[in-house]
$ cat entry-v7.cif   # mmCIF, N, CA and C atoms
data_upload
#
loop_
_atom_site.label_atom_id
_atom_site.label_comp_id
_atom_site.auth_asym_id
_atom_site.auth_seq_id
_atom_site.Cartn_x
_atom_site.Cartn_y
_atom_site.Cartn_z
N MET A 1 -14.21 3.34 -33.26
CA MET A 1 -12.97 3.44 -32.51
C MET A 1 -13.29 3.66 -31.03
N LEU A 2 -12.53 3.01 -30.18
CA LEU A 2 -12.73 3.13 -28.74
C LEU A 2 -12.21 4.47 -28.23
N LYS A 3 -12.88 5.00 -27.22
CA LYS A 3 -12.43 6.22 -26.57
C LYS A 3 -11.32 5.86 -25.59
N ILE A 4 -10.21 6.59 -25.65
CA ILE A 4 -9.09 6.35 -24.75
C ILE A 4 -9.38 7.05 -23.43
N VAL A 5 -9.58 6.27 -22.38
CA VAL A 5 -9.87 6.82 -21.06
C VAL A 5 -8.58 7.10 -20.30
N TYR A 6 -7.63 6.16 -20.38
CA TYR A 6 -6.35 6.30 -19.71
C TYR A 6 -5.24 6.26 -20.75
N PRO A 7 -4.65 7.40 -21.11
CA PRO A 7 -3.61 7.38 -22.14
C PRO A 7 -2.35 6.61 -21.72
N VAL A 8 -2.10 6.54 -20.41
CA VAL A 8 -0.98 5.74 -19.90
C VAL A 8 -1.53 4.88 -18.76
N CYS A 9 -1.45 3.57 -18.94
CA CYS A 9 -1.94 2.66 -17.89
C CYS A 9 -1.13 1.37 -17.92
N CYS A 10 -1.28 0.59 -16.86
CA CYS A 10 -0.50 -0.64 -16.74
C CYS A 10 -1.40 -1.80 -16.34
N GLY A 11 -1.17 -2.94 -16.96
CA GLY A 11 -1.82 -4.18 -16.56
C GLY A 11 -0.79 -5.05 -15.87
N ILE A 12 -1.18 -5.65 -14.76
CA ILE A 12 -0.26 -6.50 -14.00
C ILE A 12 -0.87 -7.89 -13.82
N ASP A 13 -0.13 -8.89 -14.23
CA ASP A 13 -0.52 -10.28 -14.03
C ASP A 13 0.23 -10.77 -12.80
N VAL A 14 -0.48 -11.15 -11.75
CA VAL A 14 0.12 -11.48 -10.46
C VAL A 14 0.25 -12.99 -10.28
N HIS A 15 1.44 -13.41 -9.87
CA HIS A 15 1.72 -14.81 -9.54
C HIS A 15 2.34 -14.86 -8.15
N LYS A 16 2.59 -16.04 -7.65
CA LYS A 16 3.13 -16.19 -6.30
C LYS A 16 4.55 -15.61 -6.18
N THR A 17 5.40 -15.88 -7.15
CA THR A 17 6.81 -15.47 -7.03
C THR A 17 7.22 -14.33 -7.96
N PHE A 18 6.34 -13.92 -8.86
CA PHE A 18 6.67 -12.82 -9.76
C PHE A 18 5.40 -12.12 -10.25
N ILE A 19 5.60 -10.92 -10.79
CA ILE A 19 4.51 -10.19 -11.45
C ILE A 19 5.00 -9.80 -12.83
N TYR A 20 4.08 -9.75 -13.77
CA TYR A 20 4.41 -9.34 -15.13
C TYR A 20 3.63 -8.06 -15.41
N CYS A 21 4.33 -6.98 -15.75
CA CYS A 21 3.71 -5.67 -15.95
C CYS A 21 3.82 -5.25 -17.41
N CYS A 22 2.77 -4.62 -17.91
CA CYS A 22 2.76 -4.11 -19.27
C CYS A 22 2.15 -2.71 -19.27
N ILE A 23 2.95 -1.71 -19.61
CA ILE A 23 2.47 -0.33 -19.68
C ILE A 23 2.04 -0.04 -21.11
N ALA A 24 0.83 0.47 -21.26
CA ALA A 24 0.30 0.88 -22.57
C ALA A 24 0.26 2.40 -22.61
N THR A 25 0.92 2.97 -23.59
CA THR A 25 0.95 4.42 -23.76
C THR A 25 0.35 4.77 -25.11
N THR A 26 -0.71 5.58 -25.10
CA THR A 26 -1.38 5.97 -26.34
C THR A 26 -1.11 7.44 -26.62
N ASP A 27 -0.62 7.74 -27.83
CA ASP A 27 -0.33 9.14 -28.19
C ASP A 27 -1.58 9.84 -28.74
N ASN A 28 -1.42 11.09 -29.15
CA ASN A 28 -2.54 11.89 -29.65
C ASN A 28 -3.15 11.33 -30.94
N LYS A 29 -2.38 10.55 -31.69
CA LYS A 29 -2.86 9.97 -32.95
C LYS A 29 -3.58 8.63 -32.73
N GLY A 30 -3.64 8.17 -31.49
CA GLY A 30 -4.31 6.92 -31.19
C GLY A 30 -3.43 5.69 -31.33
N ILE A 31 -2.12 5.90 -31.46
CA ILE A 31 -1.19 4.79 -31.60
C ILE A 31 -0.70 4.38 -30.22
N THR A 32 -0.86 3.10 -29.90
CA THR A 32 -0.47 2.59 -28.58
C THR A 32 0.83 1.82 -28.67
N THR A 33 1.74 2.14 -27.75
CA THR A 33 3.00 1.40 -27.63
C THR A 33 3.01 0.71 -26.28
N TYR A 34 3.72 -0.41 -26.20
CA TYR A 34 3.73 -1.21 -24.99
C TYR A 34 5.15 -1.41 -24.48
N LYS A 35 5.31 -1.35 -23.15
CA LYS A 35 6.57 -1.66 -22.48
C LYS A 35 6.26 -2.72 -21.44
N SER A 36 7.04 -3.78 -21.42
CA SER A 36 6.80 -4.86 -20.47
C SER A 36 8.01 -5.09 -19.59
N ASN A 37 7.74 -5.58 -18.40
CA ASN A 37 8.80 -5.89 -17.46
C ASN A 37 8.30 -6.94 -16.48
N ARG A 38 9.21 -7.75 -15.99
CA ARG A 38 8.87 -8.78 -15.00
C ARG A 38 9.63 -8.48 -13.72
N PHE A 39 8.93 -8.58 -12.59
CA PHE A 39 9.52 -8.29 -11.30
C PHE A 39 9.24 -9.44 -10.33
N SER A 40 10.14 -9.63 -9.40
CA SER A 40 9.94 -10.60 -8.33
C SER A 40 8.93 -10.02 -7.34
N THR A 41 8.37 -10.85 -6.47
CA THR A 41 7.42 -10.36 -5.47
C THR A 41 8.09 -9.98 -4.15
N PHE A 42 9.42 -9.94 -4.12
CA PHE A 42 10.12 -9.44 -2.95
C PHE A 42 9.96 -7.93 -2.88
N THR A 43 9.99 -7.38 -1.68
CA THR A 43 9.71 -5.96 -1.45
C THR A 43 10.60 -5.05 -2.28
N ASN A 44 11.91 -5.34 -2.34
CA ASN A 44 12.80 -4.45 -3.10
C ASN A 44 12.44 -4.42 -4.58
N GLN A 45 12.00 -5.55 -5.12
CA GLN A 45 11.60 -5.60 -6.52
C GLN A 45 10.26 -4.89 -6.75
N LEU A 46 9.35 -4.99 -5.78
CA LEU A 46 8.07 -4.27 -5.91
C LEU A 46 8.30 -2.77 -5.85
N LYS A 47 9.25 -2.33 -5.04
CA LYS A 47 9.60 -0.90 -5.01
C LYS A 47 10.23 -0.48 -6.34
N ARG A 48 11.02 -1.38 -6.93
CA ARG A 48 11.59 -1.11 -8.26
C ARG A 48 10.49 -1.00 -9.30
N CYS A 49 9.46 -1.83 -9.17
CA CYS A 49 8.30 -1.77 -10.06
C CYS A 49 7.60 -0.42 -9.93
N ALA A 50 7.40 0.04 -8.70
CA ALA A 50 6.76 1.34 -8.46
C ALA A 50 7.59 2.46 -9.10
N ALA A 51 8.91 2.38 -8.98
CA ALA A 51 9.79 3.38 -9.60
C ALA A 51 9.70 3.32 -11.12
N TRP A 52 9.62 2.11 -11.68
CA TRP A 52 9.49 1.93 -13.13
C TRP A 52 8.19 2.55 -13.64
N LEU A 53 7.10 2.33 -12.89
CA LEU A 53 5.82 2.94 -13.27
C LEU A 53 5.91 4.46 -13.23
N LYS A 54 6.56 4.98 -12.20
CA LYS A 54 6.71 6.43 -12.06
C LYS A 54 7.56 7.01 -13.20
N GLU A 55 8.63 6.32 -13.56
CA GLU A 55 9.49 6.75 -14.68
C GLU A 55 8.70 6.86 -15.98
N ASN A 56 7.71 6.00 -16.13
CA ASN A 56 6.90 5.98 -17.35
C ASN A 56 5.58 6.75 -17.21
N ASN A 57 5.50 7.59 -16.17
CA ASN A 57 4.33 8.44 -15.91
C ASN A 57 3.03 7.65 -15.85
N CYS A 58 3.09 6.46 -15.26
CA CYS A 58 1.93 5.59 -15.16
C CYS A 58 1.36 5.63 -13.74
N LYS A 59 0.12 6.10 -13.64
CA LYS A 59 -0.53 6.18 -12.33
C LYS A 59 -1.77 5.30 -12.23
N ASP A 60 -2.19 4.71 -13.34
CA ASP A 60 -3.38 3.86 -13.35
C ASP A 60 -2.99 2.42 -13.63
N VAL A 61 -3.36 1.52 -12.70
CA VAL A 61 -2.94 0.13 -12.76
C VAL A 61 -4.15 -0.78 -12.58
N CYS A 62 -4.19 -1.86 -13.37
CA CYS A 62 -5.19 -2.90 -13.19
C CYS A 62 -4.44 -4.20 -12.93
N MET A 63 -4.71 -4.81 -11.77
CA MET A 63 -4.06 -6.07 -11.41
C MET A 63 -5.03 -7.23 -11.60
N GLU A 64 -4.52 -8.33 -12.14
CA GLU A 64 -5.30 -9.55 -12.29
C GLU A 64 -4.77 -10.56 -11.29
N SER A 65 -5.64 -10.99 -10.35
CA SER A 65 -5.20 -11.95 -9.35
C SER A 65 -6.38 -12.73 -8.82
N THR A 66 -6.17 -14.03 -8.61
CA THR A 66 -7.24 -14.86 -8.05
C THR A 66 -7.04 -15.10 -6.56
N GLY A 67 -5.83 -15.20 -6.12
CA GLY A 67 -5.55 -15.52 -4.72
C GLY A 67 -5.22 -14.28 -3.90
N LYS A 68 -4.46 -14.50 -2.86
CA LYS A 68 -4.09 -13.41 -1.95
C LYS A 68 -2.75 -12.77 -2.30
N TYR A 69 -2.16 -13.17 -3.42
CA TYR A 69 -0.83 -12.70 -3.79
C TYR A 69 -0.80 -11.22 -4.16
N TRP A 70 -1.95 -10.62 -4.41
CA TRP A 70 -2.03 -9.21 -4.79
C TRP A 70 -1.79 -8.27 -3.61
N ILE A 71 -1.94 -8.73 -2.39
CA ILE A 71 -1.91 -7.85 -1.21
C ILE A 71 -0.59 -7.08 -1.05
N PRO A 72 0.59 -7.73 -1.07
CA PRO A 72 1.82 -6.94 -0.92
C PRO A 72 2.06 -5.97 -2.08
N ILE A 73 1.62 -6.36 -3.27
CA ILE A 73 1.79 -5.49 -4.43
C ILE A 73 0.92 -4.25 -4.26
N TYR A 74 -0.31 -4.47 -3.84
CA TYR A 74 -1.23 -3.36 -3.58
C TYR A 74 -0.65 -2.43 -2.52
N ASN A 75 -0.11 -3.00 -1.45
CA ASN A 75 0.45 -2.19 -0.36
C ASN A 75 1.58 -1.28 -0.83
N ILE A 76 2.41 -1.77 -1.72
CA ILE A 76 3.53 -0.96 -2.23
C ILE A 76 3.04 0.08 -3.23
N LEU A 77 2.16 -0.31 -4.16
CA LEU A 77 1.76 0.59 -5.25
C LEU A 77 0.68 1.59 -4.87
N GLU A 78 -0.08 1.34 -3.79
CA GLU A 78 -1.19 2.23 -3.46
C GLU A 78 -0.75 3.66 -3.14
N LEU A 79 0.51 3.84 -2.76
CA LEU A 79 1.01 5.18 -2.43
C LEU A 79 1.18 6.05 -3.67
N SER A 80 1.43 5.42 -4.82
CA SER A 80 1.72 6.21 -6.02
C SER A 80 0.78 5.94 -7.21
N CYS A 81 -0.13 4.99 -7.07
CA CYS A 81 -0.98 4.60 -8.21
C CYS A 81 -2.44 4.46 -7.82
N ASN A 82 -3.31 4.62 -8.82
CA ASN A 82 -4.72 4.28 -8.68
C ASN A 82 -4.85 2.84 -9.14
N ILE A 83 -5.28 1.95 -8.25
CA ILE A 83 -5.26 0.52 -8.55
C ILE A 83 -6.67 -0.05 -8.63
N VAL A 84 -6.87 -0.87 -9.65
CA VAL A 84 -8.10 -1.65 -9.78
C VAL A 84 -7.69 -3.12 -9.69
N LEU A 85 -8.33 -3.85 -8.79
CA LEU A 85 -8.06 -5.27 -8.66
C LEU A 85 -9.17 -6.02 -9.38
N ALA A 86 -8.81 -6.84 -10.34
CA ALA A 86 -9.81 -7.53 -11.16
C ALA A 86 -9.62 -9.04 -11.09
N HIS A 87 -10.72 -9.76 -11.13
CA HIS A 87 -10.68 -11.21 -11.19
C HIS A 87 -10.41 -11.60 -12.65
N PRO A 88 -9.54 -12.58 -12.87
CA PRO A 88 -9.20 -12.97 -14.26
C PRO A 88 -10.41 -13.34 -15.11
N LYS A 89 -11.46 -13.81 -14.48
CA LYS A 89 -12.66 -14.18 -15.21
C LYS A 89 -13.21 -13.01 -16.02
N TYR A 90 -13.01 -11.79 -15.52
CA TYR A 90 -13.58 -10.60 -16.14
C TYR A 90 -12.60 -9.82 -17.00
N VAL A 91 -11.35 -10.19 -16.99
CA VAL A 91 -10.35 -9.49 -17.83
C VAL A 91 -9.54 -10.50 -18.64
N LYS A 92 -10.23 -11.46 -19.23
CA LYS A 92 -9.56 -12.51 -19.99
C LYS A 92 -8.84 -11.93 -21.20
N ALA A 93 -7.71 -12.54 -21.50
CA ALA A 93 -6.97 -12.17 -22.71
C ALA A 93 -7.73 -12.69 -23.93
N ILE A 94 -7.32 -12.24 -25.08
CA ILE A 94 -7.91 -12.70 -26.33
C ILE A 94 -7.75 -14.22 -26.41
N LYS A 95 -8.75 -14.90 -26.94
CA LYS A 95 -8.70 -16.36 -27.02
C LYS A 95 -7.46 -16.81 -27.78
N GLY A 96 -6.95 -17.93 -27.36
CA GLY A 96 -5.75 -18.48 -27.97
C GLY A 96 -4.85 -18.98 -26.86
N LYS A 97 -3.56 -19.08 -27.16
CA LYS A 97 -2.63 -19.53 -26.14
C LYS A 97 -2.52 -18.49 -25.04
N LYS A 98 -2.65 -18.93 -23.80
CA LYS A 98 -2.58 -18.04 -22.64
C LYS A 98 -1.11 -17.84 -22.27
N THR A 99 -0.70 -16.59 -22.15
CA THR A 99 0.64 -16.27 -21.68
C THR A 99 0.54 -15.13 -20.68
N ASP A 100 1.58 -14.98 -19.87
CA ASP A 100 1.59 -13.89 -18.90
C ASP A 100 1.64 -12.53 -19.60
N LYS A 101 2.36 -12.48 -20.71
CA LYS A 101 2.43 -11.23 -21.48
C LYS A 101 1.05 -10.82 -21.98
N LYS A 102 0.30 -11.78 -22.52
CA LYS A 102 -1.05 -11.47 -23.01
C LYS A 102 -1.96 -11.06 -21.87
N ASP A 103 -1.84 -11.73 -20.73
CA ASP A 103 -2.68 -11.39 -19.58
C ASP A 103 -2.41 -9.96 -19.10
N ALA A 104 -1.15 -9.58 -19.02
CA ALA A 104 -0.81 -8.23 -18.57
C ALA A 104 -1.25 -7.18 -19.60
N LYS A 105 -1.06 -7.50 -20.88
CA LYS A 105 -1.43 -6.57 -21.95
C LYS A 105 -2.94 -6.41 -21.99
#
$ encode --input "entry-v7.cif" --output "C-alpha coordinates"
Amino acid sequence: MLKIVYPVCCGIDVHKTFIYCCIATTDNKGITTYKSNRFSTFTNQLKRCAAWLKENNCKDVCMESTGKYWIPIYNILELSCNIVLAHPKYVKAIKGKKTDKKDAK
(Lines of atoms letter the chains of each structure in order from A and count residues from 1; the text may use other names and numbers.)
(Lines give C-alpha, C1' and ligand atoms only; values in the text may rest on other atoms or scores of the structure.)
Protein backbone atom coordinates (compact mmCIF):
# COMPACT_ATOMS: atom_id res chain seq x y z
CA MET A 1 0.00 0.00 0.00
CA LEU A 2 1.22 3.48 -0.84
CA LYS A 3 1.99 5.97 1.91
CA ILE A 4 -0.36 8.96 1.80
CA VAL A 5 1.82 12.07 1.73
CA TYR A 6 -0.92 14.63 1.05
CA PRO A 7 -4.32 13.64 2.50
CA VAL A 8 -5.96 16.50 0.58
CA CYS A 9 -4.50 17.55 -2.76
CA CYS A 10 -5.59 18.75 -6.18
CA GLY A 11 -4.54 17.93 -9.73
CA ILE A 12 -5.12 20.58 -12.38
CA ASP A 13 -5.13 19.97 -16.11
CA VAL A 14 -4.41 23.32 -17.81
CA HIS A 15 -5.74 24.36 -21.22
CA LYS A 16 -5.87 27.69 -23.04
CA THR A 17 -9.48 28.57 -22.18
CA PHE A 18 -10.24 26.36 -19.17
CA ILE A 19 -8.75 24.32 -16.35
CA TYR A 20 -10.03 21.04 -14.98
CA CYS A 21 -9.48 20.48 -11.24
CA CYS A 22 -9.80 17.28 -9.23
CA ILE A 23 -9.44 17.28 -5.43
CA ALA A 24 -8.50 13.95 -3.84
CA THR A 25 -9.33 13.58 -0.16
CA THR A 26 -8.09 10.51 1.72
CA ASP A 27 -9.57 9.65 5.13
CA ASN A 28 -7.93 7.79 8.04
CA LYS A 29 -9.04 4.42 6.61
CA GLY A 30 -7.22 5.07 3.33
CA ILE A 31 -10.38 5.64 1.30
CA THR A 32 -10.01 8.39 -1.29
CA THR A 33 -12.91 10.47 -2.58
CA TYR A 34 -12.73 12.83 -5.53
CA LYS A 35 -14.39 16.17 -6.32
CA SER A 36 -14.02 17.69 -9.76
CA ASN A 37 -14.75 21.09 -11.20
CA ARG A 38 -14.05 22.98 -14.41
CA PHE A 39 -13.17 26.67 -14.45
CA SER A 40 -12.55 29.24 -17.16
CA THR A 41 -9.11 30.88 -17.35
CA PHE A 42 -10.55 34.36 -16.77
CA THR A 43 -9.37 36.00 -13.55
CA ASN A 44 -12.75 35.92 -11.79
CA GLN A 45 -13.05 32.18 -12.45
CA LEU A 46 -9.49 31.52 -11.26
CA LYS A 47 -10.33 33.37 -8.03
CA ARG A 48 -13.43 31.17 -7.76
CA CYS A 49 -11.15 28.15 -8.18
CA ALA A 50 -8.92 29.39 -5.35
CA ALA A 51 -12.01 29.82 -3.14
CA TRP A 52 -13.20 26.30 -4.07
CA LEU A 53 -9.82 24.86 -3.09
CA LYS A 54 -9.94 26.75 0.21
CA GLU A 55 -13.49 25.51 0.92
CA ASN A 56 -12.20 21.95 0.52
CA ASN A 57 -9.12 22.56 2.72
CA CYS A 58 -6.80 21.94 -0.23
CA LYS A 59 -3.41 23.62 -0.06
CA ASP A 60 -1.33 21.27 -2.24
CA VAL A 61 -1.75 21.50 -6.01
CA CYS A 62 -0.05 19.83 -8.97
CA MET A 63 -0.59 21.50 -12.36
CA GLU A 64 -0.02 19.76 -15.68
CA SER A 65 0.88 22.17 -18.47
CA THR A 66 3.07 22.17 -21.56
CA GLY A 67 2.78 25.79 -22.67
CA LYS A 68 2.64 29.16 -20.97
CA TYR A 69 -1.03 28.86 -19.97
CA TRP A 70 -0.08 27.92 -16.39
CA ILE A 71 1.29 31.40 -15.55
CA PRO A 72 -1.97 33.25 -14.66
CA ILE A 73 -3.21 30.23 -12.73
CA TYR A 74 0.03 30.09 -10.77
CA ASN A 75 -0.19 33.83 -10.05
CA ILE A 76 -3.67 33.50 -8.54
CA LEU A 77 -3.12 30.25 -6.60
CA GLU A 78 0.40 30.93 -5.25
CA LEU A 79 -1.04 33.11 -2.46
CA SER A 80 -3.02 30.25 -0.92
CA CYS A 81 -1.49 27.00 -2.23
CA ASN A 82 1.74 25.05 -2.50
CA ILE A 83 2.04 24.47 -6.25
CA VAL A 84 4.04 21.95 -8.24
CA LEU A 85 4.21 22.53 -11.99
CA ALA A 86 4.69 19.28 -13.89
CA HIS A 87 5.24 18.43 -17.53
CA PRO A 88 2.58 16.00 -18.82
CA LYS A 89 5.31 13.61 -19.91
CA TYR A 90 6.03 12.86 -16.25
CA VAL A 91 2.47 12.73 -14.87
CA LYS A 92 0.71 10.69 -17.54
CA ALA A 93 -2.71 9.28 -16.80
CA ILE A 94 -3.28 5.55 -16.82
CA LYS A 95 -3.07 4.15 -20.34
CA GLY A 96 -6.28 4.18 -22.29
CA LYS A 97 -8.50 6.94 -23.55
CA LYS A 98 -7.09 10.33 -22.58
CA THR A 99 -9.57 12.70 -20.93
CA ASP A 100 -9.20 15.91 -18.97
CA LYS A 101 -10.81 14.23 -15.96
CA LYS A 102 -8.22 11.43 -16.02
CA ASP A 103 -5.38 13.92 -16.43
CA ALA A 104 -6.50 15.98 -13.43
CA LYS A 105 -7.14 12.88 -11.32
$ resolve_selection --input "entry-v7.cif" --expression "the PyMOL selection byres ((chain A and resi 49-61) around 8)" --output "list in words"
Tyr6, Pro7, Val8, Cys9, Cys10, Gly11, Ile12, Ile23, Arg38, Phe39, Ser40, Thr43, Asn44, Gln45, Leu46, Lys47, Arg48, Cys62, Met63, Glu64, Ile76, Leu77, Ser80, Cys81, Asn82, Ile83, Val84, Leu85 and Ala86 of chain A
$ axis_aligned_box --input "entry-v7.cif" --around "region 2-13 of chain A" --padding-each-side "4 Å" --output "AutoDock Vina command-line options"
--center_x -6.3 --center_y -1.7 --center_z -21.5 --size_x 21.1 --size_y 26.2 --size_z 25.4
$ atom_distance --input "entry-v7.cif" --atom1 "atom C of Phe18 (chain A)" --atom2 "atom N of Val5 (chain A)"
26.6 Å
$ atom_distance --input "entry-v7.cif" --atom1 "atom N of Ile19 (chain A)" --atom2 "atom N of Asn75 (chain A)"
13.5 Å
$ select_by_dssp --input "entry-v7.cif" --residues "chain A" --states "strand (DSSP E or B)" --output "VMD selection string"
chain A and resid 8 to 14 18 to 26 32 to 40 60 to 64 82 to 86
$ atom_distance --input "entry-v7.cif" --atom1 "CA of Ile4 (chain A)" --atom2 "CA of Thr66 (chain A)"
27.1 Å
$ residues_near_point --input "entry-v7.cif" --point "(6.4, -10.8, -1.6)" --cutoff "7 Å" --atoms "only N, CA and C atoms" --output "list in words"
Lys16, Ser40, Thr41, Phe42, Thr43, Pro72 and Ile73 of chain A
$ closest_residue --input "entry-v7.cif" --among "A:Lys3, A:Leu79, A:Lys89, A:Ser65" --to "Tyr20 (chain A)" --atoms "only C-alpha atoms"
A:Ser65
$ select_by_dssp --input "entry-v7.cif" --residues "chain A" --states "alpha helix (DSSP H)" --output "list in words"
Thr43, Asn44, Gln45, Leu46, Lys47, Arg48, Cys49, Ala50, Ala51, Trp52, Leu53, Lys54, Glu55, Trp70, Ile71, Pro72, Ile73, Tyr74, Asn75, Ile76, Leu77, Asp100, Lys101, Lys102, Asp103 and Ala104 of chain A
$ decode --input "entry-v7.cif" --residues "region 35-75 of chain A" --atoms "N, CA and C atoms" --output "mmCIF file, in the first residue's frame"
data_model
loop_
_atom_site.group_PDB
_atom_site.id
_atom_site.type_symbol
_atom_site.label_atom_id
_atom_site.label_comp_id
_atom_site.auth_asym_id
_atom_site.auth_seq_id
_atom_site.Cartn_x
_atom_site.Cartn_y
_atom_site.Cartn_z
ATOM 1 N N LYS A 35 -13.464 15.110 -5.922
ATOM 2 C CA LYS A 35 -14.387 16.174 -6.315
ATOM 3 C C LYS A 35 -13.762 16.869 -7.509
ATOM 4 N N SER A 36 -14.545 17.056 -8.553
ATOM 5 C CA SER A 36 -14.023 17.687 -9.763
ATOM 6 C C SER A 36 -14.803 18.938 -10.109
ATOM 7 N N ASN A 37 -14.120 19.853 -10.768
ATOM 8 C CA ASN A 37 -14.752 21.086 -11.201
ATOM 9 C C ASN A 37 -13.979 21.647 -12.381
ATOM 10 N N ARG A 38 -14.673 22.348 -13.245
ATOM 11 C CA ARG A 38 -14.045 22.980 -14.412
ATOM 12 C C ARG A 38 -14.223 24.486 -14.286
ATOM 13 N N PHE A 39 -13.154 25.226 -14.550
ATOM 14 C CA PHE A 39 -13.173 26.671 -14.451
ATOM 15 C C PHE A 39 -12.613 27.289 -15.725
ATOM 16 N N SER A 40 -13.089 28.472 -16.041
ATOM 17 C CA SER A 40 -12.552 29.239 -17.156
ATOM 18 C C SER A 40 -11.198 29.815 -16.732
ATOM 19 N N THR A 41 -10.403 30.285 -17.686
ATOM 20 C CA THR A 41 -9.107 30.875 -17.346
ATOM 21 C C THR A 41 -9.185 32.389 -17.153
ATOM 22 N N PHE A 42 -10.396 32.947 -17.111
ATOM 23 C CA PHE A 42 -10.550 34.356 -16.773
ATOM 24 C C PHE A 42 -10.276 34.548 -15.287
ATOM 25 N N THR A 43 -9.800 35.725 -14.919
ATOM 26 C CA THR A 43 -9.368 36.001 -13.546
ATOM 27 C C THR A 43 -10.449 35.714 -12.522
ATOM 28 N N ASN A 44 -11.693 36.136 -12.785
ATOM 29 C CA ASN A 44 -12.753 35.915 -11.792
ATOM 30 C C ASN A 44 -12.997 34.431 -11.552
ATOM 31 N N GLN A 45 -12.873 33.618 -12.597
ATOM 32 C CA GLN A 45 -13.053 32.177 -12.451
ATOM 33 C C GLN A 45 -11.864 31.538 -11.724
ATOM 34 N N LEU A 46 -10.660 32.045 -11.966
ATOM 35 C CA LEU A 46 -9.485 31.519 -11.257
ATOM 36 C C LEU A 46 -9.576 31.849 -9.769
ATOM 37 N N LYS A 47 -10.111 33.018 -9.440
ATOM 38 C CA LYS A 47 -10.326 33.371 -8.028
ATOM 39 C C LYS A 47 -11.390 32.465 -7.418
ATOM 40 N N ARG A 48 -12.405 32.120 -8.225
ATOM 41 C CA ARG A 48 -13.433 31.173 -7.755
ATOM 42 C C ARG A 48 -12.812 29.806 -7.505
ATOM 43 N N CYS A 49 -11.872 29.411 -8.363
ATOM 44 C CA CYS A 49 -11.154 28.148 -8.183
ATOM 45 C C CYS A 49 -10.368 28.168 -6.871
ATOM 46 N N ALA A 50 -9.680 29.265 -6.597
ATOM 47 C CA ALA A 50 -8.918 29.394 -5.348
ATOM 48 C C ALA A 50 -9.848 29.285 -4.144
ATOM 49 N N ALA A 51 -11.024 29.900 -4.228
ATOM 50 C CA ALA A 51 -12.006 29.816 -3.139
ATOM 51 C C ALA A 51 -12.517 28.391 -2.984
ATOM 52 N N TRP A 52 -12.744 27.692 -4.096
ATOM 53 C CA TRP A 52 -13.200 26.297 -4.067
ATOM 54 C C TRP A 52 -12.163 25.402 -3.397
ATOM 55 N N LEU A 53 -10.888 25.624 -3.729
ATOM 56 C CA LEU A 53 -9.818 24.856 -3.087
ATOM 57 C C LEU A 53 -9.788 25.122 -1.588
ATOM 58 N N LYS A 54 -9.948 26.384 -1.210
ATOM 59 C CA LYS A 54 -9.940 26.753 0.208
ATOM 60 C C LYS A 54 -11.124 26.123 0.949
ATOM 61 N N GLU A 55 -12.297 26.125 0.325
ATOM 62 C CA GLU A 55 -13.494 25.507 0.924
ATOM 63 C C GLU A 55 -13.268 24.029 1.212
ATOM 64 N N ASN A 56 -12.467 23.384 0.374
ATOM 65 C CA ASN A 56 -12.199 21.951 0.518
ATOM 66 C C ASN A 56 -10.890 21.659 1.251
ATOM 67 N N ASN A 57 -10.356 22.680 1.935
ATOM 68 C CA ASN A 57 -9.117 22.561 2.723
ATOM 69 C C ASN A 57 -7.948 22.010 1.917
ATOM 70 N N CYS A 58 -7.856 22.417 0.660
ATOM 71 C CA CYS A 58 -6.803 21.936 -0.225
ATOM 72 C C CYS A 58 -5.727 23.007 -0.391
ATOM 73 N N LYS A 59 -4.518 22.676 0.048
ATOM 74 C CA LYS A 59 -3.407 23.623 -0.065
ATOM 75 C C LYS A 59 -2.286 23.107 -0.962
ATOM 76 N N ASP A 60 -2.371 21.864 -1.397
ATOM 77 C CA ASP A 60 -1.329 21.273 -2.243
ATOM 78 C C ASP A 60 -1.895 20.988 -3.624
ATOM 79 N N VAL A 61 -1.250 21.568 -4.645
ATOM 80 C CA VAL A 61 -1.750 21.504 -6.009
ATOM 81 C C VAL A 61 -0.629 21.073 -6.953
ATOM 82 N N CYS A 62 -0.970 20.199 -7.902
ATOM 83 C CA CYS A 62 -0.046 19.835 -8.971
ATOM 84 C C CYS A 62 -0.718 20.207 -10.292
ATOM 85 N N MET A 63 -0.059 21.072 -11.064
ATOM 86 C CA MET A 63 -0.593 21.496 -12.357
ATOM 87 C C MET A 63 0.149 20.794 -13.483
ATOM 88 N N GLU A 64 -0.600 20.367 -14.488
ATOM 89 C CA GLU A 64 -0.016 19.763 -15.679
ATOM 90 C C GLU A 64 -0.183 20.755 -16.822
ATOM 91 N N SER A 65 0.950 21.209 -17.384
ATOM 92 C CA SER A 65 0.878 22.170 -18.474
ATOM 93 C C SER A 65 2.119 22.083 -19.339
ATOM 94 N N THR A 66 1.929 22.197 -20.648
ATOM 95 C CA THR A 66 3.072 22.174 -21.562
ATOM 96 C C THR A 66 3.451 23.577 -22.011
ATOM 97 N N GLY A 67 2.510 24.449 -22.159
ATOM 98 C CA GLY A 67 2.775 25.792 -22.672
ATOM 99 C C GLY A 67 2.867 26.821 -21.565
ATOM 100 N N LYS A 68 2.558 28.048 -21.922
ATOM 101 C CA LYS A 68 2.643 29.160 -20.974
ATOM 102 C C LYS A 68 1.315 29.443 -20.274
ATOM 103 N N TYR A 69 0.309 28.610 -20.510
ATOM 104 C CA TYR A 69 -1.026 28.862 -19.973
ATOM 105 C C TYR A 69 -1.099 28.720 -18.458
ATOM 106 N N TRP A 70 -0.102 28.124 -17.835
ATOM 107 C CA TRP A 70 -0.082 27.918 -16.391
ATOM 108 C C TRP A 70 0.211 29.210 -15.622
ATOM 109 N N ILE A 71 0.798 30.204 -16.254
ATOM 110 C CA ILE A 71 1.287 31.401 -15.551
ATOM 111 C C ILE A 71 0.181 32.161 -14.805
ATOM 112 N N PRO A 72 -0.948 32.533 -15.433
ATOM 113 C CA PRO A 72 -1.974 33.254 -14.663
ATOM 114 C C PRO A 72 -2.579 32.414 -13.535
ATOM 115 N N ILE A 73 -2.663 31.110 -13.753
ATOM 116 C CA ILE A 73 -3.215 30.227 -12.725
ATOM 117 C C ILE A 73 -2.273 30.202 -11.531
ATOM 118 N N TYR A 74 -0.995 30.074 -11.815
ATOM 119 C CA TYR A 74 0.027 30.086 -10.765
ATOM 120 C C TYR A 74 -0.030 31.399 -9.988
ATOM 121 N N ASN A 75 -0.155 32.515 -10.703
ATOM 122 C CA ASN A 75 -0.186 33.828 -10.050
ATOM 123 C C ASN A 75 -1.354 33.966 -9.080
#
